[in-house]
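Engineer: structure_2.txt is the file, holding compact mmCIF, C-alpha atoms (C1' of nucleotides):
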```txt
# COMPACT_ATOMS: atom_id res chain seq x y z
CA MET A 1 -16.78 90.98 151.91
CA GLU A 2 -16.84 92.60 148.52
CA LYS A 3 -14.89 95.83 148.36
CA LEU A 4 -17.12 98.80 147.86
CA ASN A 5 -15.43 100.19 144.80
CA ASP A 6 -15.90 96.92 142.97
CA THR A 7 -19.65 97.32 142.93
CA PHE A 8 -21.48 98.28 139.83
CA LEU A 9 -23.41 101.14 141.37
CA TYR A 10 -20.19 102.61 142.67
CA THR A 11 -18.96 102.72 139.09
CA ILE A 12 -22.13 104.48 137.99
CA ASP A 13 -21.64 107.04 140.75
CA LYS A 14 -18.07 107.61 139.70
CA CYS A 15 -18.94 107.81 136.03
CA PHE A 16 -21.63 110.37 136.65
CA ARG A 17 -19.45 112.58 138.86
CA SER A 18 -16.58 112.23 136.49
CA TYR A 19 -18.63 113.33 133.50
CA HIS A 20 -20.30 116.13 135.41
CA GLN A 21 -16.96 117.60 136.45
CA PHE A 22 -15.58 117.20 132.95
CA ALA A 23 -18.59 118.91 131.40
CA GLN A 24 -18.58 121.75 133.93
CA LYS A 25 -14.89 122.37 133.42
CA ASN A 26 -15.33 122.65 129.66
CA VAL A 27 -18.20 125.08 129.99
CA ARG A 28 -16.14 127.25 132.30
CA LYS A 29 -13.08 127.01 130.09
CA ALA A 30 -15.17 128.29 127.20
CA GLY A 31 -15.87 131.39 129.26
CA PHE A 32 -19.48 130.78 130.30
CA LYS A 33 -20.48 131.61 133.84
CA ILE A 34 -23.28 129.11 134.12
CA THR A 35 -23.47 125.75 135.82
CA ILE A 36 -24.46 122.57 134.05
CA ASP A 37 -27.48 122.28 136.31
CA GLN A 38 -28.61 125.78 135.43
CA TRP A 39 -28.13 125.11 131.75
CA LEU A 40 -30.10 121.89 132.07
CA ILE A 41 -33.07 123.87 133.33
CA LEU A 42 -32.81 126.44 130.54
CA LYS A 43 -32.52 123.68 127.98
CA ASN A 44 -35.54 121.82 129.30
CA VAL A 45 -37.65 124.97 129.45
CA SER A 46 -36.73 125.76 125.86
CA GLU A 47 -37.67 122.22 124.84
CA ASN A 48 -40.94 122.32 126.78
CA PRO A 49 -42.19 125.90 126.91
CA ASP A 50 -45.36 125.19 128.89
CA ILE A 51 -43.73 123.07 131.55
CA THR A 52 -44.40 123.57 135.26
CA GLN A 53 -41.66 123.58 137.85
CA ASN A 54 -43.08 120.37 139.23
CA ASP A 55 -42.79 118.58 135.90
CA LEU A 56 -39.39 120.11 135.41
CA SER A 57 -38.32 118.61 138.70
CA LYS A 58 -39.47 115.17 137.60
CA LEU A 59 -37.77 115.57 134.25
CA VAL A 60 -34.34 116.35 135.68
CA PHE A 61 -34.92 114.21 138.75
CA LYS A 62 -34.31 116.93 141.28
CA ASP A 63 -36.32 118.11 144.22
CA LYS A 64 -38.76 120.92 143.46
CA ALA A 65 -37.03 123.04 146.11
CA SER A 66 -33.82 122.77 144.11
CA ILE A 67 -35.68 123.83 140.99
CA THR A 68 -37.08 126.91 142.71
CA ARG A 69 -33.58 127.96 143.73
CA ILE A 70 -31.87 127.26 140.43
CA ILE A 71 -34.60 129.20 138.66
CA GLN A 72 -34.12 132.12 141.01
CA LEU A 73 -30.45 132.27 140.06
CA LEU A 74 -31.35 132.14 136.37
CA ILE A 75 -33.74 135.03 136.85
CA ASN A 76 -31.06 136.98 138.71
CA ALA A 77 -28.70 136.34 135.82
CA GLY A 78 -31.27 137.66 133.36
CA TYR A 79 -31.75 134.38 131.50
CA LEU A 80 -35.28 133.56 132.54
CA ILE A 81 -38.59 135.30 133.24
CA ARG A 82 -41.10 133.98 135.72
CA GLU A 83 -44.75 135.06 135.59
CA THR A 84 -47.85 133.61 137.16
CA HIS A 85 -49.84 131.45 134.82
CA PRO A 86 -53.00 133.32 133.76
CA GLY A 87 -55.25 130.26 133.89
CA ASP A 88 -53.91 128.77 137.14
CA LYS A 89 -52.48 131.17 139.65
CA ARG A 90 -50.60 128.45 141.48
CA ARG A 91 -48.46 127.79 138.44
CA VAL A 92 -45.70 129.88 136.96
CA ASN A 93 -44.92 130.59 133.34
CA LEU A 94 -41.24 130.31 132.49
CA THR A 95 -39.83 132.08 129.43
CA LEU A 96 -36.27 132.40 128.22
CA THR A 97 -35.01 135.92 127.63
CA THR A 98 -33.03 136.69 124.50
CA SER A 99 -29.76 136.30 126.37
CA GLY A 100 -31.14 133.13 127.92
CA GLU A 101 -31.81 131.69 124.49
CA LYS A 102 -28.38 132.77 123.37
CA ILE A 103 -26.46 131.10 126.17
CA THR A 104 -28.62 127.98 125.96
CA ALA A 105 -27.70 127.55 122.31
CA GLU A 106 -24.04 128.30 122.86
CA VAL A 107 -23.61 125.95 125.78
CA GLU A 108 -25.57 123.35 123.83
CA LYS A 109 -22.67 123.16 121.40
CA ILE A 110 -20.24 122.51 124.21
CA ALA A 111 -22.59 119.97 125.73
CA PHE A 112 -22.69 118.16 122.42
CA GLN A 113 -18.89 118.06 122.22
CA ASN A 114 -18.73 116.94 125.84
CA ARG A 115 -21.03 114.02 125.19
CA ALA A 116 -19.11 113.03 122.08
CA ALA A 117 -15.78 113.19 123.91
CA ALA A 118 -17.09 111.27 126.91
CA LEU A 119 -18.62 108.50 124.84
CA LYS A 120 -15.75 108.14 122.40
CA GLY A 121 -14.96 104.50 121.73
CA VAL A 122 -18.03 103.14 123.45
CA ASN A 123 -19.93 100.67 121.33
CA LEU A 124 -23.28 101.96 120.12
CA GLU A 125 -25.16 98.71 120.47
CA LEU A 126 -23.84 98.22 123.96
CA MET A 127 -24.95 101.74 124.78
CA ALA A 128 -28.48 100.94 123.69
CA GLU A 129 -28.50 97.81 125.84
CA MET A 130 -27.10 99.77 128.73
CA LYS A 131 -29.84 102.35 128.46
CA ILE A 132 -32.43 99.62 128.84
CA ALA A 133 -30.62 98.13 131.81
CA LEU A 134 -30.24 101.52 133.48
CA GLN A 135 -33.93 102.12 132.99
CA GLU A 136 -34.58 98.79 134.68
CA ILE A 137 -32.54 99.91 137.66
CA ILE A 138 -34.43 103.19 137.77
CA ASN A 139 -37.70 101.25 137.83
CA ASN A 140 -36.42 98.98 140.58
CA CYS A 141 -35.69 102.06 142.68
CA SER A 142 -39.08 103.69 142.21
CA MET B 1 -31.97 118.32 117.61
CA GLU B 2 -31.84 115.34 119.89
CA LYS B 3 -33.96 115.75 123.00
CA LEU B 4 -31.90 115.96 126.13
CA ASN B 5 -33.55 113.16 128.01
CA ASP B 6 -32.84 110.76 125.21
CA THR B 7 -29.11 110.96 125.76
CA PHE B 8 -27.22 108.19 127.39
CA LEU B 9 -25.49 110.36 129.97
CA TYR B 10 -28.83 111.76 131.02
CA THR B 11 -29.93 108.23 131.80
CA ILE B 12 -26.82 107.64 133.87
CA ASP B 13 -27.53 110.82 135.82
CA LYS B 14 -31.09 109.74 136.42
CA CYS B 15 -30.08 106.23 137.38
CA PHE B 16 -27.55 107.47 139.88
CA ARG B 17 -29.94 109.96 141.51
CA SER B 18 -32.69 107.42 141.53
CA TYR B 19 -30.56 104.81 143.28
CA HIS B 20 -29.11 107.33 145.72
CA GLN B 21 -32.56 108.46 146.81
CA PHE B 22 -33.77 104.88 147.06
CA ALA B 23 -30.79 103.87 149.17
CA GLN B 24 -31.04 106.88 151.45
CA LYS B 25 -34.73 106.32 152.00
CA ASN B 26 -34.15 102.71 153.04
CA VAL B 27 -31.41 103.67 155.47
CA ARG B 28 -33.67 106.25 157.04
CA LYS B 29 -36.63 103.87 157.13
CA ALA B 30 -34.48 101.40 159.05
CA GLY B 31 -34.01 104.07 161.71
CA PHE B 32 -30.43 105.15 161.05
CA LYS B 33 -29.63 108.83 161.18
CA ILE B 34 -26.74 108.77 158.80
CA THR B 35 -26.45 109.79 155.17
CA ILE B 36 -25.21 107.47 152.47
CA ASP B 37 -22.28 109.78 151.85
CA GLN B 38 -21.29 109.67 155.50
CA TRP B 39 -21.57 105.92 155.56
CA LEU B 40 -19.46 105.70 152.42
CA ILE B 41 -16.65 107.48 154.24
CA LEU B 42 -16.90 105.24 157.29
CA LYS B 43 -16.94 102.16 155.08
CA ASN B 44 -13.90 103.25 153.13
CA VAL B 45 -11.97 104.13 156.26
CA SER B 46 -12.75 100.72 157.69
CA GLU B 47 -11.59 99.06 154.49
CA ASN B 48 -8.43 101.17 154.32
CA PRO B 49 -7.38 102.07 157.85
CA ASP B 50 -4.26 104.02 156.88
CA ILE B 51 -5.89 106.13 154.23
CA THR B 52 -5.40 109.89 153.99
CA GLN B 53 -8.25 112.29 153.38
CA ASN B 54 -6.72 113.08 150.02
CA ASP B 55 -6.80 109.46 148.92
CA LEU B 56 -10.24 109.11 150.39
CA SER B 57 -11.39 111.97 148.22
CA LYS B 58 -10.03 110.26 145.13
CA LEU B 59 -11.59 106.98 146.11
CA VAL B 60 -15.09 108.33 146.48
CA PHE B 61 -14.58 110.96 143.78
CA LYS B 62 -15.43 113.94 145.91
CA ASP B 63 -13.60 117.16 146.57
CA LYS B 64 -11.27 117.09 149.57
CA ALA B 65 -13.19 120.01 151.05
CA SER B 66 -16.31 117.85 151.05
CA ILE B 67 -14.37 115.09 152.77
CA THR B 68 -13.20 117.44 155.52
CA ARG B 69 -16.78 118.48 156.21
CA ILE B 70 -18.32 115.04 156.09
CA ILE B 71 -15.63 113.81 158.46
CA GLN B 72 -16.36 116.68 160.84
CA LEU B 73 -19.99 115.57 161.01
CA LEU B 74 -18.93 111.98 161.65
CA ILE B 75 -16.69 113.14 164.49
CA ASN B 76 -19.54 115.20 165.93
CA ALA B 77 -21.75 112.12 165.78
CA GLY B 78 -19.13 110.10 167.66
CA TYR B 79 -18.41 107.66 164.85
CA LEU B 80 -14.89 108.73 163.97
CA ILE B 81 -11.71 109.93 165.66
CA ARG B 82 -9.25 112.24 163.97
CA GLU B 83 -5.66 112.52 165.19
CA THR B 84 -2.56 113.93 163.58
CA HIS B 85 -0.36 111.30 162.03
CA PRO B 86 2.75 110.79 164.18
CA GLY B 87 5.13 110.40 161.25
CA ASP B 88 3.71 113.21 159.08
CA LYS B 89 2.06 116.10 160.84
CA ARG B 90 0.29 117.23 157.71
CA ARG B 91 -1.72 114.03 157.63
CA VAL B 92 -4.52 112.86 159.86
CA ASN B 93 -5.17 109.44 161.26
CA LEU B 94 -8.78 108.35 161.03
CA THR B 95 -10.16 105.64 163.31
CA LEU B 96 -13.66 104.30 163.71
CA THR B 97 -15.06 104.34 167.23
CA THR B 98 -16.95 101.33 168.51
CA SER B 99 -20.27 102.92 167.63
CA GLY B 100 -18.80 103.90 164.28
CA GLU B 101 -17.92 100.28 163.58
CA LYS B 102 -21.35 99.21 164.71
CA ILE B 103 -23.30 101.53 162.45
CA THR B 104 -20.99 100.82 159.52
CA ALA B 105 -21.73 97.12 159.78
CA GLU B 106 -25.44 97.62 160.28
CA VAL B 107 -25.87 99.99 157.37
CA GLU B 108 -23.72 97.66 155.28
CA LYS B 109 -26.49 95.10 155.47
CA ILE B 110 -29.01 97.59 154.18
CA ALA B 111 -26.60 98.72 151.48
CA PHE B 112 -26.28 95.14 150.39
CA GLN B 113 -30.04 94.73 150.18
CA ASN B 114 -30.30 98.04 148.34
CA ARG B 115 -27.84 96.93 145.70
CA ALA B 116 -29.59 93.62 145.27
CA ALA B 117 -32.99 95.26 144.94
CA ALA B 118 -31.73 97.88 142.52
CA LEU B 119 -29.98 95.38 140.27
CA LYS B 120 -32.74 92.78 140.30
CA GLY B 121 -33.32 91.36 136.85
CA VAL B 122 -30.26 92.93 135.29
CA ASN B 123 -28.15 90.45 133.37
CA LEU B 124 -24.82 89.72 135.03
CA GLU B 125 -22.79 89.53 131.84
CA LEU B 126 -24.24 92.77 130.61
CA MET B 127 -23.33 94.33 133.95
CA ALA B 128 -19.73 93.27 133.51
CA GLU B 129 -19.65 94.76 130.03
CA MET B 130 -21.26 97.91 131.32
CA LYS B 131 -18.64 98.29 134.02
CA ILE B 132 -15.94 98.25 131.37
CA ALA B 133 -17.78 100.78 129.24
CA LEU B 134 -18.41 103.06 132.21
CA GLN B 135 -14.73 102.88 133.05
CA GLU B 136 -13.99 103.90 129.49
CA ILE B 137 -16.20 106.95 129.89
CA ILE B 138 -14.46 107.79 133.15
CA ASN B 139 -11.13 107.63 131.38
CA ASN B 140 -12.39 109.82 128.55
CA CYS B 141 -13.36 112.44 131.11
CA SER B 142 -10.03 112.46 132.93
C1' DA C 1 -71.88 126.84 148.97
C1' DA C 2 -68.89 125.16 152.56
C1' DA C 3 -65.68 121.85 153.98
C1' DT C 4 -62.03 118.98 152.55
C1' DA C 5 -58.43 117.35 149.71
C1' DT C 6 -55.08 118.07 146.27
C1' DT C 7 -51.67 120.63 143.68
C1' DA C 8 -47.91 124.30 142.72
C1' DG C 9 -44.53 126.61 144.50
C1' DT C 10 -41.66 128.75 148.39
C1' DT C 11 -38.88 128.81 152.56
C1' DG C 12 -36.00 127.05 156.57
C1' DA C 13 -32.67 123.89 158.07
C1' DT C 14 -29.04 120.95 157.18
C1' DA C 15 -25.84 118.27 154.11
C1' DT C 16 -22.98 118.06 150.15
C1' DA C 17 -20.12 120.00 145.89
C1' DT C 18 -16.70 122.93 144.12
C1' DC C 19 -13.30 126.45 143.58
C1' DA C 20 -10.04 129.42 145.43
C1' DA C 21 -7.19 130.90 149.03
C1' DT C 22 -4.69 129.74 153.09
C1' DA C 23 -1.81 127.43 156.93
C1' DT C 24 1.24 123.95 158.08
C1' DT C 25 4.52 120.59 157.34
C1' DA C 26 7.71 117.77 154.26
C1' DT C 27 10.73 117.23 150.53
C1' DA C 28 13.96 118.70 146.89
C1' DC C 29 17.49 121.58 145.45
C1' DC C 30 21.45 124.41 145.89
C1' DG D 1 21.39 124.56 156.35
C1' DG D 2 18.36 127.58 153.96
C1' DT D 3 15.17 128.34 150.25
C1' DA D 4 11.90 126.96 146.86
C1' DT D 5 8.50 123.60 145.93
C1' DA D 6 5.10 120.19 146.87
C1' DA D 7 1.72 117.84 149.70
C1' DT D 8 -2.13 117.66 153.32
C1' DA D 9 -5.80 119.58 155.24
C1' DT D 10 -8.93 123.56 156.47
C1' DT D 11 -11.87 127.56 155.58
C1' DG D 12 -14.85 130.96 152.96
C1' DA D 13 -18.05 131.66 149.40
C1' DT D 14 -21.49 130.04 146.53
C1' DA D 15 -24.40 126.36 144.32
C1' DT D 16 -27.09 122.30 144.76
C1' DA D 17 -29.89 118.37 147.37
C1' DT D 18 -33.36 117.00 150.42
C1' DC D 19 -36.91 116.90 153.82
C1' DA D 20 -40.42 119.07 156.18
C1' DA D 21 -43.43 122.70 156.98
C1' DC D 22 -45.91 126.19 154.86
C1' DT D 23 -48.96 129.44 151.69
C1' DA D 24 -52.02 130.01 148.14
C1' DA D 25 -54.96 128.40 144.72
C1' DT D 26 -57.76 124.88 142.54
C1' DA D 27 -60.58 120.59 142.54
C1' DT D 28 -63.57 117.40 144.84
C1' DT D 29 -66.95 116.06 148.02
C1' DT D 30 -70.91 116.41 150.57
```
What's the structure tokens form of this structure?

Structural biologist:
Amino acid sequence: MEKLNDTFLYTIDKCFRSYHQFAQKNVRKAGFKITIDQWLILKNVSENPDITQNDLSKLVFKDKASITRIIQLLINAGYLIRETHPGDKRRVNLTLTTSGEKITAEVEKIAFQNRAAALKGVNLELMAEMKIALQEIINNCS
Amino acid sequence: MEKLNDTFLYTIDKCFRSYHQFAQKNVRKAGFKITIDQWLILKNVSENPDITQNDLSKLVFKDKASITRIIQLLINAGYLIRETHPGDKRRVNLTLTTSGEKITAEVEKIAFQNRAAALKGVNLELMAEMKIALQEIINNCS
DNA sequence: AAATATTAGTTGATATATCAATATTATACC
DNA sequence: GGTATAATATTGATATATCAACTAATATTT
């Protein structure tokens, strides 16, 4: 029987965890008290100002319950404002505060460096092919 | 500025989550009340009977605190036995119970099907190249 | 318009992730 | 042999993941 840690999906798992830890460590080392997951939400809200929590959850591939909780922490930290949508009272309007915008931009720089460091030496063409293959796997799982 | 969900590492994240959810769903649908993470521990213990929790944590790339807690749940469920190692009282000896061995083997079949379904249509050579590239990323992050 | 279905978001329960601090035992050094 | 150091595992605190059940609001149907 094939050993578990020889499998391809095991390597993906490991790669993802490995990068996540690396990225989180660098953000912390730079003095920011924010998690990668929290930053990811801020970043996506700033990229898509009218987004709902539901769509946000699809975008980052997390459960909507997780989104609710991460957003609550971001509000507590003063990075995000939540208001009910005027046109649809079920929805919420999410807006970055000034300090939210500030930290988003600052951590963005670190995120950029993290990605560059993580992908150093990996062939660009291969990366493009890999993206397609990964997308195929995602489709297979949906 | 590059949109976040265009990045390669974002796709890896998504692929991993997507597969994990898919795999967990199939295990549950088959009637097993065990999580993928718990099964992963059982499987690795059965593959490496003398392993320590520390090495286990490196193998599955999780924190040793997580390992302690997952193992506690597996003991509660009657799948695993934990004893102190006779030669080194700091260490623990982990042994699968009969029902632990049974569920490990049964879920293994589903895991095998899951992997096959997830990787359907993905070129084998590309997969080999990808494994090398992913390993490179892992190294970059270490 | 009333009944029904759908959608957006929250909450409870449980599992996992991570860091930091701790207890216990083993090993290295002197 | 005793002391400092290292290794193994646990625990506390907090963040995240997921399902299921729920509330409230909107959309659809009849």

Engineer: Any idea what's packed within 9 Å of Ser142 in chain A, counting only C-alpha atoms (C1' of nucleotides), ignoring anything in its chain fewer than 2 positions away? Could you give it as a PyMOL selection string?

Structural biologist: (chain A and resi 137-140) or (chain B and resi 18-19+22)

Engineer: Using only C-alpha atoms (C1' of nucleotides), I'd like every residue of chain D that has an atom within 8 Å of chain A; please write them out as a PyMOL selection string.

Structural biologist: chain D and resi 16-18+24-26

Engineer: With a cut-off of 7 Å and counting all atoms listed in the file, select all residues of chain B in contact with chain A and give the selection as a ChimeraX atom specification.

Structural biologist: /B:8,11-16,18-19,22,61,117-119,122,130-131,133-134,137-138,140-141

Engineer: Store the residues picked out above in a file with C-alpha atoms, as a short mmCIF file (atom, residue, chain, number, x, y, z; two decimals), in the frame of the given file.

Structural biologist:
```cif
data_model
loop_
_atom_site.label_atom_id
_atom_site.label_comp_id
_atom_site.auth_asym_id
_atom_site.auth_seq_id
_atom_site.Cartn_x
_atom_site.Cartn_y
_atom_site.Cartn_z
CA PHE B 8 -27.22 108.19 127.39
CA THR B 11 -29.93 108.23 131.80
CA ILE B 12 -26.82 107.64 133.87
CA ASP B 13 -27.53 110.82 135.82
CA LYS B 14 -31.09 109.74 136.42
CA CYS B 15 -30.08 106.23 137.38
CA PHE B 16 -27.55 107.47 139.88
CA SER B 18 -32.69 107.42 141.53
CA TYR B 19 -30.56 104.81 143.28
CA PHE B 22 -33.77 104.88 147.06
CA PHE B 61 -14.58 110.96 143.78
CA ALA B 117 -32.99 95.26 144.94
CA ALA B 118 -31.73 97.88 142.52
CA LEU B 119 -29.98 95.38 140.27
CA VAL B 122 -30.26 92.93 135.29
CA MET B 130 -21.26 97.91 131.32
CA LYS B 131 -18.64 98.29 134.02
CA ALA B 133 -17.78 100.78 129.24
CA LEU B 134 -18.41 103.06 132.21
CA ILE B 137 -16.20 106.95 129.89
CA ILE B 138 -14.46 107.79 133.15
CA ASN B 140 -12.39 109.82 128.55
CA CYS B 141 -13.36 112.44 131.11
#
```

Engineer: Could you state the separation of C1' of DT22 in chain C and C1' of DT10 in chain D in Å, given to one decimal place?

Structural biologist: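 Separation between C1' of DT22 in chain C and C1' of DT10 in chain D: 8.2 Å.
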
Engineer: Which one is closest to chain C: B:Thr98, B:Asn93, B:Gln72, B:Gln113? Count only C-alpha atoms (C1' of nucleotides).

Structural biologist: B:Gln72

Engineer: Could you list, as a ChimeraX atom specification, every residue within 10 Å of DA20 in chain D, counting all atoms listed in the file and ignoring same-chain residues fewer than 2 positions away?

Structural biologist: /C:12-13 /D:18,22

Engineer: Distance cut-off 10 Å, counting only C-alpha atoms (C1' of nucleotides) - which residues of chain C neighbour chain A? Return them as a ChimeraX atom specification.

Structural biologist: /C:7-11,18

Engineer: Which value, in Å to one decimal, gives the distance between CA of Lys102 in chain A and CA of Glu83 in chain A?

Structural biologist: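 CA of Lys102 in chain A sits 20.6 Å away from CA of Glu83 in chain A.
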
Engineer: Could you jot down the CA of Ile34 in chain A to C1' of DA9 in chain D separation for me, Å, one decimal place?

Structural biologist: 29.0 Å

Engineer: Using only C-alpha atoms (C1' of nucleotides), find the one residue out of D:DT23, D:DT3, D:DT30, D:DT8 that sits nearest to His85 in chain B.

Structural biologist: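 Smallest separation from His85 in chain B among the options: D:DT8.
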
Engineer: I'd like the neighbourhood of DA21 in chain C as a PDB file with C-alpha atoms (C1' of nucleotides), in the frame of the given file, where a residue qualifies if any of its atoms comes within 12 Å (using all atoms listed in the file), though same-chain residues fewer than 2 positions away should be ignored.

Structural biologist:
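Printed below is selection17.pdb as written:
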```pdb
ATOM      1  C1'  DC C  19     -13.300 126.450 143.580  1.00  0.00           C
ATOM      2  C1'  DA C  23      -1.810 127.430 156.930  1.00  0.00           C
TER       3       DA C  23
ATOM      4  C1'  DT D  10      -8.930 123.560 156.470  1.00  0.00           C
ATOM      5  C1'  DT D  11     -11.870 127.560 155.580  1.00  0.00           C
ATOM      6  C1'  DG D  12     -14.850 130.960 152.960  1.00  0.00           C
ATOM      7  C1'  DA D  13     -18.050 131.660 149.400  1.00  0.00           C
TER       8       DA D  13
END
```
